[in-house]
>>> print(open('upload08.txt').read())   # compact mmCIF, C-alpha atoms and all ligand atoms
# COMPACT_ATOMS: atom_id res chain seq x y z
CA MET A 1 7.86 -22.59 4.53
CA ASP A 2 8.70 -18.92 4.94
CA GLN A 3 10.25 -19.27 8.33
CA GLY A 4 13.65 -20.58 7.28
CA SER A 5 14.80 -24.05 6.35
CA GLY A 6 17.40 -25.44 8.65
CA HIS A 7 21.10 -25.52 9.22
CA ASP A 8 22.27 -25.87 5.62
CA ALA A 9 20.66 -22.60 4.69
CA MET A 10 22.02 -20.95 7.81
CA ASP A 11 25.56 -22.21 7.17
CA GLN A 12 25.31 -21.03 3.60
CA ARG A 13 24.19 -17.59 4.70
CA MET A 14 26.88 -17.26 7.35
CA GLY A 15 29.44 -18.06 4.67
CA ASP A 16 27.86 -15.51 2.38
CA GLU A 17 27.90 -12.84 5.07
CA LEU A 18 31.62 -13.41 5.54
CA SER A 19 32.31 -13.17 1.83
CA MET A 20 30.15 -10.04 1.65
CA GLU A 21 32.23 -8.38 4.32
CA GLU A 22 35.28 -9.04 2.21
CA ALA A 23 33.64 -7.83 -1.00
CA PRO A 24 33.23 -4.04 -1.06
CA GLY A 25 30.34 -4.14 -3.53
CA SER A 26 30.25 -2.57 -6.95
CA ASP A 27 27.73 -0.84 -9.13
CA LEU A 28 25.56 -2.88 -11.44
CA VAL A 29 25.86 -1.00 -14.71
CA ASP A 30 23.94 -1.79 -17.89
CA PRO A 31 25.32 -1.47 -21.44
CA PHE A 32 24.02 2.11 -21.66
CA GLY A 33 25.82 3.24 -18.51
CA ARG A 34 22.72 3.27 -16.30
CA ILE A 35 23.44 2.21 -12.72
CA ILE A 36 20.87 -0.11 -11.18
CA ARG A 37 19.69 1.24 -7.82
CA ASP A 38 16.10 0.06 -7.54
CA LEU A 39 14.69 -3.46 -7.23
CA ARG A 40 10.98 -4.25 -7.49
CA ILE A 41 10.04 -7.56 -5.92
CA SER A 42 6.69 -9.18 -6.57
CA VAL A 43 5.73 -11.23 -3.53
CA THR A 44 2.66 -12.84 -5.09
CA ASP A 45 0.84 -12.99 -8.41
CA ARG A 46 -2.51 -13.18 -6.58
CA CYS A 47 -4.84 -10.31 -5.91
CA ASN A 48 -8.10 -9.52 -4.14
CA PHE A 49 -9.11 -7.10 -6.95
CA ARG A 50 -9.56 -7.66 -10.67
CA CYS A 51 -8.81 -4.24 -12.16
CA THR A 52 -9.91 -4.16 -15.77
CA TYR A 53 -6.62 -2.61 -16.95
CA CYS A 54 -4.62 -5.37 -15.27
CA MET A 55 -6.49 -8.68 -14.90
CA PRO A 56 -9.36 -10.55 -16.52
CA ALA A 57 -12.57 -11.04 -14.50
CA GLU A 58 -11.89 -14.75 -14.24
CA GLY A 59 -9.47 -17.35 -15.44
CA MET A 60 -6.12 -16.07 -14.16
CA GLN A 61 -3.82 -19.05 -13.78
CA TRP A 62 -2.24 -18.65 -10.35
CA LEU A 63 1.24 -19.87 -9.65
CA ASP A 64 1.51 -22.97 -7.56
CA ARG A 65 2.50 -22.00 -4.02
CA SER A 66 5.71 -24.02 -4.31
CA ALA A 67 6.70 -22.01 -7.41
CA VAL A 68 6.63 -18.74 -5.47
CA MET A 69 9.77 -17.49 -3.74
CA SER A 70 9.83 -18.12 0.01
CA PHE A 71 10.71 -15.25 2.30
CA GLU A 72 14.15 -16.75 2.78
CA GLU A 73 14.71 -16.89 -0.97
CA ILE A 74 13.54 -13.30 -1.41
CA GLU A 75 15.83 -12.18 1.38
CA ARG A 76 18.82 -13.96 -0.10
CA LEU A 77 18.35 -12.45 -3.56
CA ALA A 78 17.64 -9.00 -2.11
CA SER A 79 20.79 -9.16 -0.07
CA ILE A 80 22.87 -9.96 -3.17
CA PHE A 81 21.46 -6.88 -4.88
CA VAL A 82 22.02 -4.65 -1.86
CA HIS A 83 25.38 -5.87 -0.63
CA ARG A 84 27.08 -6.69 -3.90
CA TYR A 85 25.53 -4.09 -6.15
CA ARG A 86 24.64 -1.21 -3.86
CA VAL A 87 20.95 -1.30 -4.71
CA GLU A 88 19.40 1.39 -2.52
CA GLY A 89 15.66 0.92 -2.90
CA ILE A 90 13.38 -2.10 -2.76
CA ARG A 91 9.68 -1.89 -3.58
CA LEU A 92 7.35 -4.77 -2.76
CA THR A 93 4.55 -5.30 -5.22
CA GLY A 94 2.48 -8.00 -6.88
CA GLY A 95 -0.31 -8.97 -7.60
CA GLU A 96 -1.43 -7.51 -4.32
CA PRO A 97 1.46 -7.78 -1.85
CA THR A 98 -0.79 -7.63 1.22
CA VAL A 99 -2.50 -10.90 0.32
CA ARG A 100 0.79 -12.68 1.01
CA ALA A 101 0.50 -14.19 4.49
CA HIS A 102 2.82 -12.79 7.17
CA LEU A 103 4.06 -9.98 4.92
CA ALA A 104 5.35 -8.08 7.95
CA VAL A 105 7.81 -10.92 8.59
CA LEU A 106 9.35 -10.33 5.17
CA VAL A 107 9.32 -6.56 5.68
CA ARG A 108 11.19 -6.97 8.95
CA ARG A 109 13.85 -9.09 7.26
CA LEU A 110 14.30 -6.74 4.30
CA ALA A 111 14.34 -3.66 6.53
CA LYS A 112 17.53 -5.03 8.07
CA LEU A 113 19.23 -4.48 4.71
CA GLY A 114 18.98 -0.75 5.40
CA VAL A 115 17.35 0.16 2.09
CA ASP A 116 14.55 2.56 1.21
CA LEU A 117 11.81 -0.05 1.58
CA ALA A 118 8.50 0.76 -0.11
CA MET A 119 5.34 -1.04 -1.22
CA THR A 120 2.70 -0.55 -3.88
CA THR A 121 -0.72 -1.77 -2.77
CA ASN A 122 -4.38 -1.45 -3.64
CA GLY A 123 -4.88 -0.40 -0.01
CA ALA A 124 -7.91 -2.59 0.66
CA THR A 125 -6.40 -4.29 3.71
CA LEU A 126 -4.24 -1.44 5.00
CA ARG A 127 -6.76 -0.67 7.74
CA LEU A 128 -5.62 -3.96 9.28
CA LEU A 129 -1.97 -3.98 8.25
CA ALA A 130 -0.60 -0.44 8.03
CA SER A 131 0.69 -0.15 11.61
CA GLU A 132 2.17 -3.63 11.63
CA LEU A 133 4.01 -2.99 8.35
CA ARG A 134 5.24 0.38 9.53
CA ASP A 135 6.52 -1.14 12.79
CA ALA A 136 8.27 -3.85 10.79
CA GLY A 137 10.27 -1.20 8.93
CA LEU A 138 8.30 -0.38 5.77
CA LYS A 139 9.13 3.24 4.94
CA ARG A 140 6.77 4.27 2.16
CA VAL A 141 3.51 3.18 0.55
CA ASN A 142 1.88 3.95 -2.79
CA ILE A 143 -1.82 3.17 -2.82
CA SER A 144 -3.84 2.74 -5.99
CA LEU A 145 -7.10 4.68 -6.34
CA ASP A 146 -8.47 5.33 -9.83
CA THR A 147 -11.88 6.78 -9.07
CA LEU A 148 -13.83 8.35 -6.22
CA ASP A 149 -17.16 7.07 -7.50
CA PRO A 150 -18.21 3.82 -5.75
CA VAL A 151 -20.09 2.53 -8.80
CA LYS A 152 -17.19 3.19 -11.14
CA PHE A 153 -14.82 1.78 -8.56
CA GLU A 154 -16.72 -1.50 -8.66
CA GLN A 155 -16.68 -1.46 -12.45
CA MET A 156 -12.94 -0.78 -12.59
CA THR A 157 -11.79 -3.19 -9.87
CA ARG A 158 -14.71 -5.62 -10.02
CA ARG A 159 -14.95 -5.24 -6.24
CA ASP A 160 -17.21 -3.08 -4.10
CA SER A 161 -14.31 -1.80 -2.03
CA LEU A 162 -13.91 1.96 -2.43
CA HIS A 163 -14.65 2.45 1.27
CA ARG A 164 -11.92 -0.04 2.20
CA VAL A 165 -9.33 1.74 0.09
CA LEU A 166 -10.29 5.14 1.50
CA ASP A 167 -10.02 3.63 4.99
CA GLY A 168 -6.67 2.16 4.03
CA ILE A 169 -5.37 5.56 2.95
CA GLU A 170 -6.40 7.02 6.30
CA ALA A 171 -4.79 4.10 8.11
CA ALA A 172 -1.54 4.58 6.21
CA LYS A 173 -1.45 8.25 7.18
CA ALA A 174 -2.34 7.44 10.79
CA ALA A 175 0.42 4.82 10.93
CA GLY A 176 2.90 7.56 10.07
CA PHE A 177 3.71 6.82 6.42
CA ASP A 178 4.85 10.10 4.91
CA PRO A 179 4.53 10.78 2.11
CA VAL A 180 1.58 8.61 1.12
CA LYS A 181 1.34 8.59 -2.66
CA ILE A 182 -1.80 7.64 -4.56
CA ASN A 183 -1.54 6.02 -8.00
CA ALA A 184 -4.35 6.51 -10.51
CA VAL A 185 -4.25 4.84 -13.91
CA ILE A 186 -6.21 7.01 -16.31
CA GLU A 187 -8.00 5.28 -19.18
CA ARG A 188 -9.84 7.34 -21.78
CA GLY A 189 -13.60 6.95 -21.60
CA VAL A 190 -13.34 5.25 -18.21
CA ASN A 191 -12.07 7.69 -15.60
CA ASP A 192 -10.54 10.59 -17.53
CA ASP A 193 -13.47 12.73 -16.36
CA GLU A 194 -12.13 12.43 -12.79
CA ILE A 195 -8.63 13.84 -13.22
CA VAL A 196 -9.44 17.10 -11.44
CA ALA A 197 -11.51 15.38 -8.74
CA LEU A 198 -8.62 13.02 -8.01
CA ALA A 199 -6.19 15.95 -7.92
CA GLU A 200 -8.53 17.62 -5.44
CA PHE A 201 -8.56 14.44 -3.37
CA GLY A 202 -4.78 14.67 -3.14
CA ARG A 203 -4.88 18.33 -2.17
CA THR A 204 -7.57 17.85 0.46
CA ASN A 205 -6.06 14.76 2.02
CA GLY A 206 -2.41 15.75 2.07
CA VAL A 207 -1.33 12.95 -0.25
CA GLU A 208 0.47 13.18 -3.59
CA MET A 209 -1.62 12.02 -6.54
CA ARG A 210 0.38 10.33 -9.26
CA PHE A 211 -1.40 9.82 -12.53
CA ILE A 212 -0.18 6.84 -14.55
CA GLU A 213 -0.57 6.55 -18.30
CA PHE A 214 -2.39 3.35 -19.29
CA MET A 215 0.21 0.84 -20.49
CA PRO A 216 -0.13 -2.17 -22.80
CA LEU A 217 0.17 -4.63 -19.92
CA ASP A 218 -3.51 -5.44 -19.39
CA ALA A 219 -4.35 -9.13 -19.37
CA THR A 220 -7.29 -8.83 -21.75
CA GLY A 221 -5.40 -7.06 -24.53
CA HIS A 222 -7.88 -4.18 -24.80
CA TRP A 223 -5.11 -1.54 -24.61
CA MET A 224 -5.06 0.77 -27.60
CA SER A 225 -3.05 3.93 -27.98
CA ASP A 226 -6.20 6.05 -28.16
CA LYS A 227 -7.15 4.88 -24.66
CA VAL A 228 -4.01 6.50 -23.27
CA VAL A 229 -4.53 9.90 -21.68
CA GLY A 230 -1.12 11.51 -22.00
CA GLN A 231 0.80 13.57 -19.50
CA ASP A 232 0.21 16.87 -21.35
CA GLU A 233 -3.54 16.36 -21.29
CA ILE A 234 -3.54 15.37 -17.60
CA VAL A 235 -1.44 18.36 -16.56
CA ALA A 236 -3.50 20.76 -18.68
CA ALA A 237 -6.74 19.54 -17.10
CA ILE A 238 -5.42 20.10 -13.58
CA ALA A 239 -3.64 23.37 -14.35
CA ALA A 240 -6.83 24.84 -15.81
CA VAL A 241 -8.30 24.71 -12.31
CA TYR A 242 -5.24 24.70 -10.04
CA PRO A 243 -2.23 26.45 -11.63
CA LEU A 244 0.94 24.38 -11.55
CA GLU A 245 4.69 24.84 -11.78
CA GLN A 246 6.91 21.95 -12.84
CA LEU A 247 9.50 20.82 -10.33
CA PRO A 248 13.12 20.14 -11.37
CA ALA A 249 13.95 17.01 -13.37
CA ARG A 250 13.01 13.69 -11.85
CA GLY A 251 16.38 11.90 -12.02
CA ALA A 252 15.74 8.17 -12.07
CA ALA A 253 12.27 8.41 -10.48
CA PRO A 254 9.43 7.53 -12.88
CA ALA A 255 7.18 10.52 -12.10
CA ASP A 256 7.44 14.06 -13.41
CA ARG A 257 6.23 16.34 -10.63
CA TRP A 258 4.50 19.70 -10.32
CA ARG A 259 3.70 21.90 -7.36
CA TYR A 260 0.46 23.77 -6.96
CA LEU A 261 1.12 27.50 -7.16
CA ASP A 262 -1.17 28.09 -4.18
CA GLY A 263 1.24 26.00 -2.09
CA VAL A 264 -1.17 23.11 -1.47
CA GLY A 265 1.04 20.14 -2.26
CA THR A 266 2.38 18.46 -5.37
CA VAL A 267 1.15 16.15 -8.12
CA GLY A 268 2.99 13.69 -10.35
CA VAL A 269 2.52 11.98 -13.70
CA ILE A 270 4.19 8.77 -14.84
CA PRO A 271 4.32 9.25 -18.62
CA THR A 272 5.54 5.80 -19.67
CA VAL A 273 3.80 5.92 -23.04
CA THR A 274 3.93 9.53 -24.24
CA LYS A 275 7.24 10.60 -22.70
CA PRO A 276 9.26 7.46 -21.97
CA PHE A 277 11.89 7.93 -19.28
CA CYS A 278 13.92 4.82 -20.15
CA GLY A 279 17.14 6.83 -20.52
CA ASP A 280 17.20 7.37 -16.76
CA CYS A 281 15.86 3.95 -15.73
CA ASP A 282 17.63 2.43 -12.72
CA ARG A 283 15.12 -0.38 -12.11
CA VAL A 284 15.13 -4.15 -12.32
CA ARG A 285 12.46 -6.62 -11.24
CA LEU A 286 11.90 -10.02 -9.72
CA THR A 287 8.61 -11.76 -10.40
CA ALA A 288 6.94 -13.78 -7.66
CA GLU A 289 8.47 -16.96 -9.06
CA GLY A 290 11.96 -15.48 -9.07
CA GLN A 291 12.27 -14.54 -12.73
CA PHE A 292 14.63 -11.60 -13.12
CA ARG A 293 13.48 -8.93 -15.59
CA THR A 294 15.48 -5.90 -16.67
CA CYS A 295 12.44 -3.97 -17.94
CA LEU A 296 8.69 -3.91 -17.29
CA PHE A 297 8.28 -4.57 -21.00
CA ALA A 298 11.10 -7.12 -21.32
CA THR A 299 10.37 -10.25 -23.30
CA ASP A 300 13.28 -12.16 -21.72
CA GLU A 301 13.51 -13.43 -18.15
CA PHE A 302 16.32 -15.01 -16.14
CA ASP A 303 15.38 -17.72 -13.68
CA LEU A 304 17.18 -16.85 -10.45
CA LEU A 305 14.92 -19.00 -8.30
CA ALA A 306 15.79 -22.16 -10.21
CA ALA A 307 19.46 -21.24 -9.92
CA MET A 308 19.08 -20.83 -6.18
CA ARG A 309 17.12 -24.05 -5.75
CA ASN A 310 19.76 -25.88 -7.82
CA GLY A 311 22.25 -24.94 -5.12
CA GLU A 312 24.16 -22.20 -6.91
CA SER A 313 26.36 -20.00 -4.74
CA ASP A 314 25.88 -16.26 -4.38
CA ASP A 315 28.81 -15.77 -6.78
CA GLU A 316 27.10 -17.89 -9.43
CA ILE A 317 23.78 -16.09 -8.98
CA ALA A 318 25.54 -12.73 -9.10
CA ALA A 319 27.14 -13.74 -12.39
CA ARG A 320 23.65 -14.50 -13.75
CA ILE A 321 22.43 -11.09 -12.60
CA GLU A 322 25.35 -9.36 -14.32
CA ARG A 323 24.75 -11.28 -17.54
CA ALA A 324 21.07 -10.37 -17.45
CA VAL A 325 21.75 -6.69 -16.80
CA GLY A 326 24.09 -6.85 -19.79
CA THR A 327 20.98 -7.43 -21.92
CA LYS A 328 18.99 -4.44 -20.60
CA TRP A 329 17.79 -2.57 -23.61
CA ALA A 330 17.88 1.17 -24.24
CA GLY A 331 14.14 1.46 -23.87
CA HIS A 332 10.73 0.04 -24.57
CA GLN A 333 9.24 0.42 -28.03
CA ILE A 334 5.58 1.03 -27.21
CA ASN A 335 5.34 3.77 -29.80
CA GLN A 336 7.08 1.81 -32.56
CA VAL A 337 5.54 -0.59 -35.04
CA ASN A 338 7.88 -3.36 -33.93
CA PHE A 339 6.70 -3.22 -30.28
CA VAL A 340 6.13 -6.73 -28.92
CA ARG A 341 3.93 -6.98 -25.84
CA PRO A 342 5.40 -9.09 -23.05
CA ASN A 343 3.47 -12.34 -22.72
CA ARG A 344 2.71 -11.48 -19.10
CA SER A 345 0.37 -8.87 -17.73
CA MET A 346 1.10 -6.28 -15.05
CA SER A 347 0.03 -8.41 -12.07
CA GLN A 348 2.22 -11.30 -13.24
CA ILE A 349 5.26 -9.08 -13.64
CA GLY A 350 4.89 -6.87 -10.60
CA GLY A 351 4.16 -3.28 -11.51
N1 LIG B 1 -1.91 -4.51 -6.47
C1 LIG B 1 -1.10 -3.36 -6.20
C2 LIG B 1 -1.73 -2.11 -6.74
O1 LIG B 1 -2.65 -2.21 -7.53
O2 LIG B 1 -1.28 -1.04 -6.36
C3 LIG B 1 0.32 -3.52 -6.71
C4 LIG B 1 0.49 -4.18 -8.04
S1 LIG B 1 -0.14 -3.25 -9.41
C5 LIG B 1 0.21 -4.33 -10.75
C6 LIG B 1 1.05 -1.93 -9.49
C7 LIG B 1 0.61 -0.69 -10.21
O3 LIG B 1 0.44 -0.99 -11.58
C8 LIG B 1 -0.70 -0.11 -9.72
O4 LIG B 1 -0.55 1.26 -9.43
C9 LIG B 1 -1.63 -0.31 -10.89
O5 LIG B 1 -2.61 0.68 -10.94
C10 LIG B 1 -0.67 -0.26 -12.04
N2 LIG B 1 -1.14 -0.88 -13.27
C11 LIG B 1 -1.70 -2.10 -13.43
N3 LIG B 1 -1.99 -2.35 -14.72
C12 LIG B 1 -1.62 -1.23 -15.40
C13 LIG B 1 -1.67 -0.84 -16.77
N4 LIG B 1 -2.14 -1.67 -17.72
N5 LIG B 1 -1.18 0.37 -17.11
C14 LIG B 1 -0.69 1.20 -16.17
N6 LIG B 1 -0.60 0.89 -14.87
C15 LIG B 1 -1.08 -0.30 -14.48
FE1 LIG B 2 -4.70 -6.34 -8.41
FE2 LIG B 2 -3.14 -4.21 -8.46
FE3 LIG B 2 -3.69 -5.55 -10.72
FE4 LIG B 2 -5.61 -4.14 -9.55
S1 LIG B 2 -3.70 -3.33 -10.42
S2 LIG B 2 -5.81 -6.24 -10.32
S3 LIG B 2 -5.12 -4.37 -7.43
S4 LIG B 2 -2.54 -6.31 -9.03
>>> encode(input="upload08.txt", output="structure tokens")
Amino acid sequence: MDQGSGHDAMDQRMGDELSMEEAPGSDLVDPFGRIIRDLRISVTDRCNFRCTYCMPAEGMQWLDRSAVMSFEEIERLASIFVHRYRVEGIRLTGGEPTVRAHLAVLVRRLAKLGVDLAMTTNGATLRLLASELRDAGLKRVNISLDTLDPVKFEQMTRRDSLHRVLDGIEAAKAAGFDPVKINAVIERGVNDDEIVALAEFGRTNGVEMRFIEFMPLDATGHWMSDKVVGQDEIVAAIAAVYPLEQLPARGAAPADRWRYLDGVGTVGVIPTVTKPFCGDCDRVRLTAEGQFRTCLFATDEFDLLAAMRNGESDDEIAARIERAVGTKWAGHQINQVNFVRPNRSMSQIGG
């Protein structure tokens, strides 16, 4: 199913390539003047972990396999974003992207688009896959690791897999990924006592720790604002032990970054809740079933997969993308009384 589907598709793509050569490409600009440069693509809603801040222990309703974009469909949409709209970065995510069979085949196809191709993963299978993905053209990986304590790891992910993730981090480094970034979601009363230990892990292992504020995208609805450990608190905890100096403004990247004054690396914080960075957002997203979202917290989606399967041309799909980007809002409203949670959780959107 992922290996291509015959002459019609090939003829269509050859025609599209010709029209792309003629079209110089233009920026995709939202109503607030933000230029879209970054596309997150979820390749599956499935996962081999069940992190408490993301999924329930049981009962996730998985998408039917036929509802998930094929590699060919992903490639076609990605190429519209890159060639028509000068999108420069693509990040593969999920669910857990590495549970998608033959992921390296997709990576190889997307790498041909010449973009900054990255992936966010829980790292559990990187021992097996890191080299293959790197050879296929993946440029960067972010690996999630929220605790260094095996017991807490099992509580947080509902899997006894800390050793696999640590192995995966080593494998990513050995495969030549540089930098390797490590994402840690900090939840008050769960792992906020490990902020300094995780920072030390980054320093010792030559990887950049990036602390993520807990967002209201958990499947069980247990998020509450008092469970959020904010950027100021995270930075203060680290700086009390390892003095820090903030690096210049982040631009469109989600993390604020600091360097250790002793010269041993850098650390980042993604302050979605306490210091929203929506004003600089250059991101859009595709869910595994081809729903186009203009914000992680969007409540509207635009069905590009159905459009594609209904035989729409690249021009027609591009027009849908432009209409959707025309609805991108100024920013999420997590801190406002009128905030409405999306009816999907992080793994279903693609974080
Ligand atoms: N499975 C991969 C992983 O865990 O890295 C990729 C998908 S995961 C949904 C992407 C990122 O979202 C991970 O870094 C994860 O820790 C983060 N995440 C999940 N739920 C979150 C939440 N409620 N608040 C903040 N970050 C969350
Ligand atoms: Fe899976 Fe990633 Fe969600 Fe954890 S955060 S349950 S690894 S998708």
>>> atom_distance(input="upload08.txt", atom1="atom CA of A:Val87", atom2="atom CA of A:Pro31")
17.3 Å
>>> axis_aligned_box(input="upload08.txt", around="ligand LIG 2 (chain B)", padding_each_side="4 Å", output="lines of an AutoDock Vina configuration file")
center_x = -4.2
center_y = -4.8
center_z = -9.1
size_x = 11.3
size_y = 11.0
size_z = 11.3
>>> residues_near_ligand(input="upload08.txt", ligand="ligand LIG 1 (chain B)", cutoff="7 Å", atoms="all atoms listed in the file", output="PyMOL selection string")
chain A and resi 47+53-54+93-97+120-122+142-144+183-185+212-218+346-347+350-351
>>> closest_residue(input="upload08.txt", among="A:Asn335, A:Val107, A:Phe153, A:Arg210", to="A:Asp226", atoms="all atoms listed in the file")
A:Asn335
>>> residues_around(input="upload08.txt", residues="A:Ala136", least_positions_apart="6", cutoff="10 Å", atoms="all atoms listed in the file", output="number ranges by chain")
A: 103-112, 130
>>> write_last_selection(input="upload08.txt", atoms="C-alpha atoms", output="short mmCIF file (atom, residue, chain, number, x, y, z; two decimals), in the frame of the given file")
data_model
loop_
_atom_site.label_atom_id
_atom_site.label_comp_id
_atom_site.auth_asym_id
_atom_site.auth_seq_id
_atom_site.Cartn_x
_atom_site.Cartn_y
_atom_site.Cartn_z
CA LEU A 103 4.06 -9.98 4.92
CA ALA A 104 5.35 -8.08 7.95
CA VAL A 105 7.81 -10.92 8.59
CA LEU A 106 9.35 -10.33 5.17
CA VAL A 107 9.32 -6.56 5.68
CA ARG A 108 11.19 -6.97 8.95
CA ARG A 109 13.85 -9.09 7.26
CA LEU A 110 14.30 -6.74 4.30
CA ALA A 111 14.34 -3.66 6.53
CA LYS A 112 17.53 -5.03 8.07
CA ALA A 130 -0.60 -0.44 8.03
#
>>> residues_around(input="upload08.txt", residues="stretch 319-323 of chain A", least_positions_apart="4", cutoff="9 Å", atoms="all atoms listed in the file", output="PyMOL selection string")
chain A and resi 28-30+81+292+302-304+307+314-315+327
>>> closest_residue(input="upload08.txt", among="A:Gly290, A:Ile317, A:Lys139, A:Gly176", to="A:Ile80", atoms="only C-alpha atoms")
A:Ile317
>>> atom_distance(input="upload08.txt", atom1="atom CA of A:Leu113", atom2="atom CA of A:Leu77")
11.5 Å
>>> residues_around(input="upload08.txt", residues="A:Gly202", least_positions_apart="2", cutoff="10 Å", atoms="all atoms listed in the file", output="JSON list (two decimals) with C-alpha atoms, in the frame of the given file")
[["chain", "number", "residue", "atom", "x", "y", "z"],
["A", 180, "VAL", "CA", 1.58, 8.61, 1.12],
["A", 181, "LYS", "CA", 1.34, 8.59, -2.66],
["A", 182, "ILE", "CA", -1.80, 7.64, -4.56],
["A", 196, "VAL", "CA", -9.44, 17.10, -11.44],
["A", 197, "ALA", "CA", -11.51, 15.38, -8.74],
["A", 198, "LEU", "CA", -8.62, 13.02, -8.01],
["A", 199, "ALA", "CA", -6.19, 15.95, -7.92],
["A", 200, "GLU", "CA", -8.53, 17.62, -5.44],
["A", 204, "THR", "CA", -7.57, 17.85, 0.46],
["A", 205, "ASN", "CA", -6.06, 14.76, 2.02],
["A", 206, "GLY", "CA", -2.41, 15.75, 2.07],
["A", 207, "VAL", "CA", -1.33, 12.95, -0.25],
["A", 208, "GLU", "CA", 0.47, 13.18, -3.59],
["A", 209, "MET", "CA", -1.62, 12.02, -6.54],
["A", 210, "ARG", "CA", 0.38, 10.33, -9.26],
["A", 264, "VAL", "CA", -1.17, 23.11, -1.47],
["A", 265, "GLY", "CA", 1.04, 20.14, -2.26],
["A", 266, "THR", "CA", 2.38, 18.46, -5.37],
["A", 267, "VAL", "CA", 1.15, 16.15, -8.12]]
>>> closest_residue(input="upload08.txt", among="A:Arg259, A:Arg50, A:Lys152, A:Arg84", to="ligand LIG 2 (chain B)", atoms="all atoms listed in the file")
A:Arg50
>>> atom_distance(input="upload08.txt", atom1="atom CA of A:Ala118", atom2="atom CA of A:Val99")
16.0 Å
>>> residues_around(input="upload08.txt", residues="A:Val115", least_positions_apart="6", cutoff="10 Å", atoms="all atoms listed in the file", output="number ranges by chain")
A: 38, 82, 86-91, 137-139
>>> residues_near_point(input="upload08.txt", point="(-9.5, 17.4, -15.1)", cutoff="6 Å", atoms="only C-alpha atoms", output="PyMOL selection string")
chain A and resi 195-196+237-238
>>> write_last_selection(input="upload08.txt", atoms="C-alpha atoms", output="compact mmCIF listing (two decimals), in the frame of the given file")
# COMPACT_ATOMS: atom_id res chain seq x y z
CA ILE A 195 -8.63 13.84 -13.22
CA VAL A 196 -9.44 17.10 -11.44
CA ALA A 237 -6.74 19.54 -17.10
CA ILE A 238 -5.42 20.10 -13.58
